[in-house]
file final-v3.cif (mmCIF, C-alpha atoms)
data_entry
#
loop_
_atom_site.label_atom_id
_atom_site.label_comp_id
_atom_site.auth_asym_id
_atom_site.auth_seq_id
_atom_site.Cartn_x
_atom_site.Cartn_y
_atom_site.Cartn_z
CA MET A 1 1.50 -7.48 -28.90
CA THR A 2 2.89 -7.42 -32.41
CA GLU A 3 5.70 -9.43 -33.88
CA GLY A 4 7.79 -6.24 -34.04
CA HIS A 5 7.33 -5.64 -30.32
CA ASP A 6 8.32 -9.22 -29.57
CA HIS A 7 11.45 -8.79 -31.65
CA ALA A 8 12.39 -5.61 -29.74
CA VAL A 9 11.80 -7.32 -26.37
CA GLU A 10 13.88 -10.28 -27.54
CA THR A 11 16.70 -7.92 -28.52
CA MET A 12 16.53 -6.30 -25.07
CA ASP A 13 16.68 -9.72 -23.42
CA LYS A 14 19.76 -10.57 -25.47
CA ALA A 15 21.39 -7.28 -24.40
CA HIS A 16 20.60 -8.11 -20.77
CA GLU A 17 22.09 -11.59 -21.11
CA ARG A 18 25.23 -10.17 -22.74
CA ALA A 19 25.59 -7.65 -19.91
CA ALA A 20 25.27 -10.49 -17.38
CA GLU A 21 28.05 -12.36 -19.19
CA VAL A 22 30.28 -9.27 -19.11
CA LEU A 23 29.62 -8.90 -15.37
CA ALA A 24 30.52 -12.55 -14.82
CA GLU A 25 33.84 -11.91 -16.59
CA LEU A 26 34.30 -8.82 -14.41
CA VAL A 27 33.87 -10.91 -11.25
CA SER A 28 36.67 -13.21 -12.47
CA VAL A 29 39.04 -10.42 -11.35
CA ALA A 30 38.33 -11.62 -7.80
CA SER A 31 41.04 -14.27 -7.93
CA ALA A 32 44.55 -14.57 -6.53
CA ALA A 33 45.97 -15.10 -10.01
CA LYS A 34 44.92 -11.58 -11.01
CA VAL A 35 46.23 -9.94 -7.82
CA TYR A 36 49.64 -11.63 -7.66
CA SER A 37 52.15 -11.67 -10.47
CA GLU A 38 54.07 -14.68 -11.68
CA PRO A 39 57.21 -15.17 -9.56
CA VAL A 40 60.40 -13.66 -10.97
CA VAL A 41 63.64 -15.40 -9.99
CA ALA A 42 66.81 -13.31 -9.71
CA GLY A 43 69.77 -15.20 -8.26
CA ASP A 44 68.69 -16.68 -4.94
CA ARG A 45 65.73 -14.32 -4.68
CA THR A 46 62.19 -14.83 -5.87
CA ILE A 47 60.01 -11.76 -6.24
CA ILE A 48 56.22 -11.61 -6.48
CA THR A 49 54.35 -8.34 -6.87
CA ALA A 50 50.89 -7.85 -5.40
CA ALA A 51 48.48 -5.30 -6.79
CA GLU A 52 45.00 -4.10 -6.03
CA ILE A 53 42.55 -4.06 -8.91
CA HIS A 54 39.27 -2.25 -9.17
CA THR A 55 36.80 -2.77 -11.98
CA GLY A 56 33.28 -1.58 -12.42
CA MET A 57 30.60 -1.39 -15.04
CA GLY A 58 27.09 -0.14 -15.45
CA PHE A 59 24.51 -0.15 -18.17
CA GLY A 60 20.99 0.89 -18.79
CA TYR A 61 18.37 0.58 -21.47
CA GLY A 62 14.79 1.33 -22.12
CA LEU A 63 12.02 0.22 -24.41
CA ALA A 64 8.97 2.23 -25.29
CA THR A 65 6.00 0.73 -27.07
CA GLY A 66 4.24 3.39 -29.10
CA THR A 67 1.54 3.35 -31.69
CA ARG A 68 1.77 4.74 -35.16
CA GLY A 69 0.08 8.08 -35.63
CA ARG A 70 -1.41 7.38 -39.02
CA GLY A 71 -2.50 3.84 -38.95
CA GLY A 72 -1.42 0.64 -37.37
CA GLN A 73 1.70 -0.82 -35.83
CA ALA A 74 5.18 -0.73 -37.27
CA THR A 75 6.03 -3.65 -39.45
CA GLU A 76 8.68 -6.14 -38.39
CA SER A 77 11.16 -4.81 -40.95
CA GLU A 78 10.71 -1.25 -39.65
CA VAL A 79 11.29 -2.37 -36.08
CA LYS A 80 14.35 -4.38 -37.13
CA ALA A 81 15.74 -1.35 -38.94
CA ARG A 82 15.27 0.82 -35.84
CA VAL A 83 16.75 -1.79 -33.51
CA ALA A 84 19.73 -2.11 -35.87
CA SER A 85 20.22 1.65 -35.77
CA TRP A 86 20.44 1.85 -31.95
CA GLY A 87 23.71 3.27 -30.73
CA ARG A 88 24.66 4.72 -34.12
CA GLY A 89 23.59 8.23 -33.31
CA ARG A 90 20.60 8.12 -35.60
CA ARG A 91 17.84 10.52 -34.64
CA ASP A 92 14.78 8.82 -35.88
CA ARG A 93 11.61 10.80 -35.34
CA GLY A 94 9.45 7.87 -36.26
CA GLU A 95 5.72 7.76 -36.03
CA GLY A 96 5.68 5.23 -33.26
CA GLY A 97 6.09 1.56 -32.78
CA PRO A 98 8.53 0.08 -30.32
CA GLN A 99 11.64 2.18 -29.77
CA GLY A 100 14.40 1.93 -27.31
CA GLY A 101 18.00 2.50 -26.55
CA GLY A 102 20.71 1.64 -24.18
CA GLY A 103 24.22 2.40 -23.11
CA GLY A 104 26.87 1.37 -20.73
CA GLY A 105 30.33 2.03 -19.52
CA GLY A 106 33.07 0.59 -17.41
CA GLN A 107 36.42 1.24 -15.89
CA ALA A 108 39.36 -0.71 -14.57
CA ALA A 109 42.30 0.42 -12.51
CA GLY A 110 45.22 -1.26 -10.82
CA ARG A 111 47.95 -0.19 -8.44
CA PRO A 112 50.88 -2.08 -6.93
CA VAL A 113 50.46 -2.66 -3.20
CA ALA A 114 53.46 -4.70 -2.08
CA VAL A 115 56.46 -6.71 -3.19
CA VAL A 116 56.91 -10.16 -1.68
CA THR A 117 60.54 -11.26 -1.66
CA ILE A 118 61.56 -14.81 -0.84
CA ASP A 119 65.25 -15.32 -0.13
CA PRO A 120 67.29 -17.73 2.01
CA ASP A 121 66.57 -15.54 5.07
CA GLY A 122 62.81 -15.96 4.71
CA VAL A 123 59.82 -14.18 3.24
CA HIS A 124 59.69 -10.36 3.34
CA VAL A 125 56.80 -8.09 2.41
CA GLN A 126 57.65 -4.53 1.40
CA PRO A 127 54.79 -2.06 0.84
CA VAL A 128 54.83 0.07 -2.32
CA LEU A 129 53.97 3.73 -1.81
CA ASP A 130 52.28 5.56 -4.68
CA ARG A 131 53.58 9.06 -3.86
CA THR A 132 51.88 10.71 -6.84
CA LYS A 133 48.46 9.44 -5.80
CA ILE A 134 49.05 10.43 -2.16
CA VAL A 135 50.12 13.96 -3.12
CA LEU A 136 47.18 14.36 -5.52
CA THR A 137 44.71 13.15 -2.88
CA ALA A 138 46.24 15.48 -0.28
CA LEU A 139 45.95 18.46 -2.65
CA THR A 140 42.34 17.57 -3.46
CA ALA A 141 41.49 17.24 0.24
CA LEU A 142 43.19 20.56 1.05
CA GLY A 143 41.37 22.21 -1.87
CA ALA A 144 38.00 20.92 -0.64
CA ILE A 145 38.75 22.10 2.92
CA GLY A 146 39.87 25.54 1.65
CA LEU A 147 36.79 26.00 -0.55
CA THR A 148 34.47 25.01 2.28
CA LEU A 149 36.18 27.44 4.65
CA ILE A 150 35.89 30.30 2.11
CA ARG A 151 32.21 29.58 1.46
CA LEU A 152 31.42 29.38 5.16
CA ARG A 153 33.15 32.70 5.84
CA ARG A 154 31.35 34.42 2.94
CA ALA A 155 28.02 33.00 4.07
CA GLY A 156 28.79 34.16 7.63
CA ARG A 157 29.48 37.72 6.42
CA ARG A 158 26.28 37.84 4.37
CA TYR A 159 24.35 36.51 7.34
CA SER A 160 25.73 39.11 9.71
CA VAL A 161 25.04 41.97 7.23
CA GLY A 162 21.52 41.09 6.11
CA GLY A 163 20.51 38.50 8.68
CA ALA A 164 19.87 38.50 12.38
CA GLU A 165 21.43 41.79 13.36
CA MET B 1 21.55 -8.62 -12.02
CA ARG B 2 21.58 -12.27 -11.08
CA GLY B 3 24.57 -14.46 -10.22
CA GLY B 4 25.16 -14.04 -6.49
CA PRO B 5 24.51 -11.89 -3.45
CA LEU B 6 24.33 -8.10 -3.67
CA ILE B 7 27.55 -7.52 -1.73
CA GLU B 8 30.06 -10.25 -1.05
CA TRP B 9 33.45 -10.45 0.62
CA ARG B 10 35.48 -13.39 -0.55
CA ASP B 11 38.95 -14.76 0.04
CA ALA B 12 40.60 -16.47 -2.92
CA TRP B 13 43.58 -18.76 -2.45
CA GLY B 14 46.10 -18.96 -5.26
CA SER B 15 47.97 -22.05 -6.29
CA PRO B 16 50.88 -22.83 -3.95
CA MET B 17 54.38 -22.28 -5.35
CA THR B 18 57.51 -23.92 -4.05
CA VAL B 19 60.60 -21.76 -3.70
CA GLY B 20 63.61 -23.50 -2.17
CA ASN B 21 62.35 -25.29 0.92
CA SER B 22 59.30 -23.01 1.31
CA THR B 23 55.82 -23.32 -0.07
CA ILE B 24 54.11 -19.98 -0.63
CA THR B 25 50.36 -19.66 -1.04
CA PRO B 26 49.06 -16.18 -1.93
CA VAL B 27 45.67 -15.14 -0.58
CA ALA B 28 43.60 -12.39 -2.20
CA ARG B 29 40.57 -10.63 -0.77
CA SER B 30 37.76 -9.26 -2.90
CA LEU B 31 34.70 -7.15 -2.45
CA VAL B 32 32.09 -7.84 -5.10
CA ALA B 33 29.04 -5.60 -5.45
CA ARG B 34 26.24 -6.30 -7.88
CA TRP B 35 23.23 -4.20 -8.73
CA PRO B 36 20.55 -4.40 -11.40
CA GLY B 37 22.47 -2.26 -13.88
CA GLY B 38 26.01 -3.53 -13.37
CA GLY B 39 28.58 -4.31 -10.76
CA SER B 40 31.91 -3.47 -9.23
CA VAL B 41 34.80 -5.60 -8.01
CA TRP B 42 37.74 -4.63 -5.81
CA SER B 43 40.51 -7.17 -5.34
CA GLY B 44 43.68 -6.88 -3.36
CA PRO B 45 46.28 -8.97 -1.58
CA ALA B 46 45.43 -10.19 1.93
CA ALA B 47 48.38 -12.35 3.00
CA VAL B 48 50.86 -14.98 1.99
CA ILE B 49 50.87 -18.34 3.74
CA VAL B 50 54.41 -19.67 4.13
CA GLU B 51 55.03 -23.34 4.94
CA ARG B 52 58.62 -24.01 5.89
CA GLU B 53 60.13 -26.93 7.80
CA GLY B 54 56.72 -28.10 8.98
CA ARG B 55 55.69 -24.67 10.26
CA THR B 56 52.93 -22.56 8.74
CA GLU B 57 53.11 -18.79 9.00
CA ARG B 58 50.61 -16.23 7.74
CA ILE B 59 52.27 -12.97 6.70
CA PRO B 60 49.66 -10.21 6.24
CA ILE B 61 50.10 -7.72 3.40
CA ALA B 62 49.12 -4.25 4.53
CA ASN B 63 47.77 -1.85 1.93
CA LEU B 64 49.69 1.21 3.11
CA ASN B 65 48.59 3.32 0.14
CA GLY B 66 44.95 2.55 0.73
CA ARG B 67 45.19 3.36 4.45
CA ILE B 68 46.88 6.73 3.84
CA LEU B 69 44.41 7.68 1.09
CA TRP B 70 41.34 6.71 3.11
CA ALA B 71 42.68 8.46 6.21
CA MET B 72 43.05 11.68 4.19
CA ARG B 73 39.60 11.38 2.62
CA VAL B 74 37.83 10.56 5.89
CA GLY B 75 39.80 13.30 7.70
CA ALA B 76 38.84 15.94 5.14
CA VAL B 77 35.16 14.94 5.11
CA THR B 78 35.04 14.87 8.94
CA LEU B 79 36.67 18.30 9.18
CA ILE B 80 34.30 19.82 6.61
CA ALA B 81 31.25 18.25 8.29
CA ALA B 82 32.40 19.52 11.72
CA TRP B 83 32.85 23.07 10.37
CA ILE B 84 29.41 23.05 8.74
CA VAL B 85 27.74 21.79 11.95
CA LYS B 86 29.63 24.37 14.04
CA ASP B 87 28.63 27.15 11.62
CA ARG B 88 24.95 26.17 11.75
CA ARG B 89 24.98 26.05 15.54
CA ARG B 90 26.56 29.51 15.65
CA ARG B 91 23.89 30.91 13.33
CA ASN B 92 21.08 29.26 15.30
CA SER B 93 22.43 30.70 18.55
CA ASN B 94 22.47 34.18 16.96
CA ASP B 95 18.78 33.99 16.00
#
call {"tool": "encode", "arguments": {"input": "final-v3.cif", "output": "structure tokens"}}
result
Amino acid sequence: MTEGHDHAVETMDKAHERAAEVLAELVSVASAAKVYSEPVVAGDRTIITAAEIHTGMGFGYGLATGTRGRGGQATESEVKARVASWGRGRRDRGEGGPQGGGGGGGQAAGRPVAVVTIDPDGVHVQPVLDRTKIVLTALTALGAIGLTLIRLRRAGRRYSVGGAE
Amino acid sequence: MRGGPLIEWRDAWGSPMTVGNSTITPVARSLVARWPGGGSVWSGPAAVIVEREGRTERIPIANLNGRILWAMRVGAVTLIAAWIVKDRRRRNSND
């Protein structure tokens, strides 16, 4: 293919490699140092907090190799200009040549799980309850159950009126 | 995406810390999922290993929040699925 196409493919490869690097950094969360805090000493007590962490990411991209409508392939400078414009919201209705785009996103969340206390009596683990999250989940579950029940009853009525009677 | 298996459970041991006459080693557990367009990692505490006066004790750390939340989610989904199945059976028996 053309030099411009090769440049676009090379750019895609670089994006893929960068995404792999980001994922490798993401996996570094899977370590005890990230889950447990540094110990805090207060008098004869030492306290360590333990948290759960969830991270995730995803990305996608595509490359289309087109041909110019009125003669020949895009020049390298045209392809470079298009590649440089990716992700900037530019709507380029070009005549062809290699075009592509990509996007990605990620999220991270953490929540305390337990407090480990070390004192002269020994080591104690106290769980941490996230009441807000529990109440929100309970309300969501009740809402889903209620909506399902209403829909089933409505569907049942419709069925008995226009259905198998 | 390369760099390891698709789904992996792993235990990670932290560096031991000495407090008084005890040595505490935290242990974390992680679930790593990778797919061609990204990945996801969950990490949480599993236990603390306590070495004191020549004895080693493993104290598990229960994720009470997680258990309550999952119990509610699974309970709601099971209830909804049971209602839907029951409703379909009732309609089929009416036909």
call {"tool": "closest_atom_pairs", "arguments": {"input": "final-v3.cif", "of": "segment 22-68 of chain B", "to": "segment 53-61 of chain A", "cutoff": "12 Å", "atoms": "all atoms listed in the file", "output": "Markdown table"}}
result
| residue | atom | partner | partner_atom | distance |
| --- | --- | --- | --- | --- |
| B:Ala28 | CA | A:Ile53 | CA | 10.7 |
| B:Arg29 | CA | A:Ile53 | CA | 10.6 |
| B:Ser30 | CA | A:Ile53 | CA | 9.3 |
| B:Leu31 | CA | A:His54 | CA | 9.5 |
| B:Val32 | CA | A:Gly56 | CA | 9.7 |
| B:Ala33 | CA | A:Gly56 | CA | 9.1 |
| B:Arg34 | CA | A:Gly56 | CA | 9.6 |
| B:Trp35 | CA | A:Gly58 | CA | 8.7 |
| B:Pro36 | CA | A:Gly58 | CA | 8.8 |
| B:Gly37 | CA | A:Phe59 | CA | 5.2 |
| B:Gly38 | CA | A:Gly58 | CA | 4.1 |
| B:Gly39 | CA | A:Met57 | CA | 5.6 |
| B:Ser40 | CA | A:Gly56 | CA | 4.0 |
| B:Val41 | CA | A:Thr55 | CA | 5.3 |
| B:Trp42 | CA | A:His54 | CA | 4.4 |
| B:Ser43 | CA | A:Ile53 | CA | 5.2 |
| B:Gly44 | CA | A:Ile53 | CA | 6.3 |
| B:Pro45 | CA | A:Ile53 | CA | 9.6 |
| B:Gly66 | CA | A:Ile53 | CA | 11.9 |
call {"tool": "write_last_selection", "arguments": {"input": "final-v3.cif", "atoms": "C-alpha atoms", "output": "CSV table (one decimal), keeping the file's coordinate frame"}}
result
chain,number,residue,atom,x,y,z
B,28,ALA,CA,43.6,-12.4,-2.2
B,29,ARG,CA,40.6,-10.6,-0.8
B,30,SER,CA,37.8,-9.3,-2.9
B,31,LEU,CA,34.7,-7.2,-2.4
B,32,VAL,CA,32.1,-7.8,-5.1
B,33,ALA,CA,29.0,-5.6,-5.4
B,34,ARG,CA,26.2,-6.3,-7.9
B,35,TRP,CA,23.2,-4.2,-8.7
B,36,PRO,CA,20.6,-4.4,-11.4
B,37,GLY,CA,22.5,-2.3,-13.9
B,38,GLY,CA,26.0,-3.5,-13.4
B,39,GLY,CA,28.6,-4.3,-10.8
B,40,SER,CA,31.9,-3.5,-9.2
B,41,VAL,CA,34.8,-5.6,-8.0
B,42,TRP,CA,37.7,-4.6,-5.8
B,43,SER,CA,40.5,-7.2,-5.3
B,44,GLY,CA,43.7,-6.9,-3.4
B,45,PRO,CA,46.3,-9.0,-1.6
B,66,GLY,CA,45.0,2.6,0.7
call {"tool": "residues_around", "arguments": {"input": "final-v3.cif", "residues": "Ala46 of chain B", "least_positions_apart": "3", "cutoff": "10 Å", "atoms": "all atoms listed in the file", "output": "PyMOL selection string"}}
result
(chain A and resi 32+35+50) or (chain B and resi 11-13+26-30+43+49+58-63)
call {"tool": "resolve_selection", "arguments": {"input": "final-v3.cif", "expression": "the PyMOL selection byres ((chain B and resi 80) around 12)", "output": "VMD selection string"}}
result
(chain A and resid 141 to 152) or (chain B and resid 73 to 79 81 to 87)
call {"tool": "closest_residue", "arguments": {"input": "final-v3.cif", "among": "B:Val19, B:Glu53, B:Glu8, B:Gly14", "to": "Ile118 of chain A", "atoms": "all atoms listed in the file"}}
result
B:Val19
call {"tool": "closest_residue", "arguments": {"input": "final-v3.cif", "among": "A:Glu76, A:Glu25, A:Asp6, A:Asp130", "to": "chain B", "atoms": "all atoms listed in the file"}}
result
A:Asp130
call {"tool": "resolve_selection", "arguments": {"input": "final-v3.cif", "expression": "the PyMOL selection byres ((chain A and resi 134) around 12)", "output": "PDB file with C-alpha atoms, in the coordinates of the input"}}
result
ATOM      1  CA  VAL A 128      54.830   0.070  -2.320  1.00  0.00           C
ATOM      2  CA  LEU A 129      53.970   3.730  -1.810  1.00  0.00           C
ATOM      3  CA  ASP A 130      52.280   5.560  -4.680  1.00  0.00           C
ATOM      4  CA  ARG A 131      53.580   9.060  -3.860  1.00  0.00           C
ATOM      5  CA  THR A 132      51.880  10.710  -6.840  1.00  0.00           C
ATOM      6  CA  LYS A 133      48.460   9.440  -5.800  1.00  0.00           C
ATOM      7  CA  VAL A 135      50.120  13.960  -3.120  1.00  0.00           C
ATOM      8  CA  LEU A 136      47.180  14.360  -5.520  1.00  0.00           C
ATOM      9  CA  THR A 137      44.710  13.150  -2.880  1.00  0.00           C
ATOM     10  CA  ALA A 138      46.240  15.480  -0.280  1.00  0.00           C
ATOM     11  CA  LEU A 139      45.950  18.460  -2.650  1.00  0.00           C
ATOM     12  CA  THR A 140      42.340  17.570  -3.460  1.00  0.00           C
ATOM     13  CA  ALA A 141      41.490  17.240   0.240  1.00  0.00           C
TER      14      ALA A 141
ATOM     15  CA  LEU B  64      49.690   1.210   3.110  1.00  0.00           C
ATOM     16  CA  ASN B  65      48.590   3.320   0.140  1.00  0.00           C
ATOM     17  CA  GLY B  66      44.950   2.550   0.730  1.00  0.00           C
ATOM     18  CA  ARG B  67      45.190   3.360   4.450  1.00  0.00           C
ATOM     19  CA  ILE B  68      46.880   6.730   3.840  1.00  0.00           C
ATOM     20  CA  LEU B  69      44.410   7.680   1.090  1.00  0.00           C
ATOM     21  CA  TRP B  70      41.340   6.710   3.110  1.00  0.00           C
ATOM     22  CA  ALA B  71      42.680   8.460   6.210  1.00  0.00           C
ATOM     23  CA  MET B  72      43.050  11.680   4.190  1.00  0.00           C
ATOM     24  CA  ARG B  73      39.600  11.380   2.620  1.00  0.00           C
TER      25      ARG B  73
END
call {"tool": "atom_distance", "arguments": {"input": "final-v3.cif", "atom1": "atom CA of Pro127 of chain A", "atom2": "atom CA of Thr49 of chain A"}}
result
10.0 Å
call {"tool": "atom_distance", "arguments": {"input": "final-v3.cif", "atom1": "atom CA of Ala8 of chain A", "atom2": "atom CA of Gly62 of chain A"}}
result
10.6 Å
call {"tool": "atom_distance", "arguments": {"input": "final-v3.cif", "atom1": "atom CA of Gly54 of chain B", "atom2": "atom CA of Val116 of chain A"}}
result
20.9 Å
call {"tool": "closest_residue", "arguments": {"input": "final-v3.cif", "among": "A:Met12, A:Ala64, A:Ala33, A:Val22", "to": "chain B", "atoms": "only C-alpha atoms"}}
result
A:Ala33
call {"tool": "closest_residue", "arguments": {"input": "final-v3.cif", "among": "A:Thr46, A:Leu26, A:Arg153, A:Val123", "to": "Arg52 of chain B", "atoms": "all atoms listed in the file"}}
result
A:Val123
call {"tool": "closest_residue", "arguments": {"input": "final-v3.cif", "among": "A:Ala15, A:Arg45, A:Ala109, A:Lys34", "to": "Gly122 of chain A", "atoms": "only C-alpha atoms"}}
result
A:Arg45
call {"tool": "build_atoms", "arguments": {"input": "final-v3.cif", "residues": "segment 13-35 of chain A", "atoms": "N, CA, C and O atoms", "output": "mmCIF file, in the frame of the given file"}}
result
data_model
loop_
_atom_site.group_PDB
_atom_site.id
_atom_site.type_symbol
_atom_site.label_atom_id
_atom_site.label_comp_id
_atom_site.auth_asym_id
_atom_site.auth_seq_id
_atom_site.Cartn_x
_atom_site.Cartn_y
_atom_site.Cartn_z
ATOM 1 N N ASP A 13 16.303 -8.569 -24.241
ATOM 2 C CA ASP A 13 16.680 -9.720 -23.420
ATOM 3 C C ASP A 13 18.094 -10.175 -23.746
ATOM 4 O O ASP A 13 18.883 -10.514 -22.866
ATOM 5 N N LYS A 14 18.411 -10.159 -25.052
ATOM 6 C CA LYS A 14 19.760 -10.570 -25.470
ATOM 7 C C LYS A 14 20.800 -9.600 -24.904
ATOM 8 O O LYS A 14 21.867 -10.011 -24.458
ATOM 9 N N ALA A 15 20.463 -8.299 -24.941
ATOM 10 C CA ALA A 15 21.390 -7.280 -24.400
ATOM 11 C C ALA A 15 21.601 -7.508 -22.913
ATOM 12 O O ALA A 15 22.715 -7.413 -22.406
ATOM 13 N N HIS A 16 20.518 -7.839 -22.207
ATOM 14 C CA HIS A 16 20.600 -8.110 -20.770
ATOM 15 C C HIS A 16 21.492 -9.318 -20.503
ATOM 16 O O HIS A 16 22.353 -9.306 -19.617
ATOM 17 N N GLU A 17 21.295 -10.375 -21.287
ATOM 18 C CA GLU A 17 22.090 -11.590 -21.110
ATOM 19 C C GLU A 17 23.563 -11.312 -21.365
ATOM 20 O O GLU A 17 24.444 -11.784 -20.649
ATOM 21 N N ARG A 18 23.841 -10.508 -22.403
ATOM 22 C CA ARG A 18 25.230 -10.170 -22.740
ATOM 23 C C ARG A 18 25.869 -9.364 -21.602
ATOM 24 O O ARG A 18 27.004 -9.604 -21.231
ATOM 25 N N ALA A 19 25.073 -8.448 -21.027
ATOM 26 C CA ALA A 19 25.590 -7.650 -19.910
ATOM 27 C C ALA A 19 25.890 -8.544 -18.713
ATOM 28 O O ALA A 19 26.891 -8.346 -18.014
ATOM 29 N N ALA A 20 25.032 -9.553 -18.482
ATOM 30 C CA ALA A 20 25.270 -10.490 -17.380
ATOM 31 C C ALA A 20 26.555 -11.273 -17.604
ATOM 32 O O ALA A 20 27.324 -11.523 -16.672
ATOM 33 N N GLU A 21 26.807 -11.640 -18.870
ATOM 34 C CA GLU A 21 28.050 -12.360 -19.190
ATOM 35 C C GLU A 21 29.274 -11.483 -18.920
ATOM 36 O O GLU A 21 30.272 -11.940 -18.370
ATOM 37 N N VAL A 22 29.168 -10.199 -19.323
ATOM 38 C CA VAL A 22 30.280 -9.270 -19.110
ATOM 39 C C VAL A 22 30.548 -9.105 -17.616
ATOM 40 O O VAL A 22 31.696 -9.101 -17.168
ATOM 41 N N LEU A 23 29.462 -9.037 -16.824
ATOM 42 C CA LEU A 23 29.620 -8.900 -15.370
ATOM 43 C C LEU A 23 30.274 -10.149 -14.787
ATOM 44 O O LEU A 23 31.120 -10.053 -13.892
ATOM 45 N N ALA A 24 29.911 -11.318 -15.308
ATOM 46 C CA ALA A 24 30.520 -12.550 -14.820
ATOM 47 C C ALA A 24 32.023 -12.549 -15.101
ATOM 48 O O ALA A 24 32.829 -12.975 -14.273
ATOM 49 N N GLU A 25 32.415 -12.019 -16.264
ATOM 50 C CA GLU A 25 33.840 -11.910 -16.590
ATOM 51 C C GLU A 25 34.517 -10.911 -15.648
ATOM 52 O O GLU A 25 35.656 -11.092 -15.236
ATOM 53 N N LEU A 26 33.781 -9.858 -15.316
ATOM 54 C CA LEU A 26 34.300 -8.820 -14.410
ATOM 55 C C LEU A 26 34.596 -9.426 -13.043
ATOM 56 O O LEU A 26 35.626 -9.137 -12.436
ATOM 57 N N VAL A 27 33.705 -10.291 -12.567
ATOM 58 C CA VAL A 27 33.870 -10.910 -11.250
ATOM 59 C C VAL A 27 35.068 -11.858 -11.237
ATOM 60 O O VAL A 27 35.641 -12.127 -10.185
ATOM 61 N N SER A 28 35.503 -12.315 -12.415
ATOM 62 C CA SER A 28 36.670 -13.210 -12.470
ATOM 63 C C SER A 28 37.937 -12.513 -12.000
ATOM 64 O O SER A 28 38.942 -13.163 -11.735
ATOM 65 N N VAL A 29 37.893 -11.177 -11.876
ATOM 66 C CA VAL A 29 39.040 -10.420 -11.350
ATOM 67 C C VAL A 29 39.288 -10.806 -9.890
ATOM 68 O O VAL A 29 40.401 -10.707 -9.384
ATOM 69 N N ALA A 30 38.222 -11.268 -9.214
ATOM 70 C CA ALA A 30 38.330 -11.620 -7.800
ATOM 71 C C ALA A 30 39.043 -12.950 -7.613
ATOM 72 O O ALA A 30 38.500 -13.905 -7.079
ATOM 73 N N SER A 31 40.269 -13.038 -8.091
ATOM 74 C CA SER A 31 41.040 -14.270 -7.930
ATOM 75 C C SER A 31 42.487 -13.906 -7.617
ATOM 76 O O SER A 31 42.964 -12.827 -7.975
ATOM 77 N N ALA A 32 43.162 -14.821 -6.924
ATOM 78 C CA ALA A 32 44.550 -14.570 -6.530
ATOM 79 C C ALA A 32 45.458 -14.438 -7.747
ATOM 80 O O ALA A 32 46.446 -13.685 -7.721
ATOM 81 N N ALA A 33 45.122 -15.142 -8.808
ATOM 82 C CA ALA A 33 45.970 -15.100 -10.010
ATOM 83 C C ALA A 33 46.020 -13.706 -10.631
ATOM 84 O O ALA A 33 47.004 -13.339 -11.273
ATOM 85 N N LYS A 34 44.949 -12.941 -10.448
ATOM 86 C CA LYS A 34 44.920 -11.580 -11.010
ATOM 87 C C LYS A 34 45.638 -10.584 -10.104
ATOM 88 O O LYS A 34 46.140 -9.567 -10.555
ATOM 89 N N VAL A 35 45.651 -10.885 -8.796
ATOM 90 C CA VAL A 35 46.230 -9.940 -7.820
ATOM 91 C C VAL A 35 47.740 -10.122 -7.715
ATOM 92 O O VAL A 35 48.476 -9.141 -7.577
#
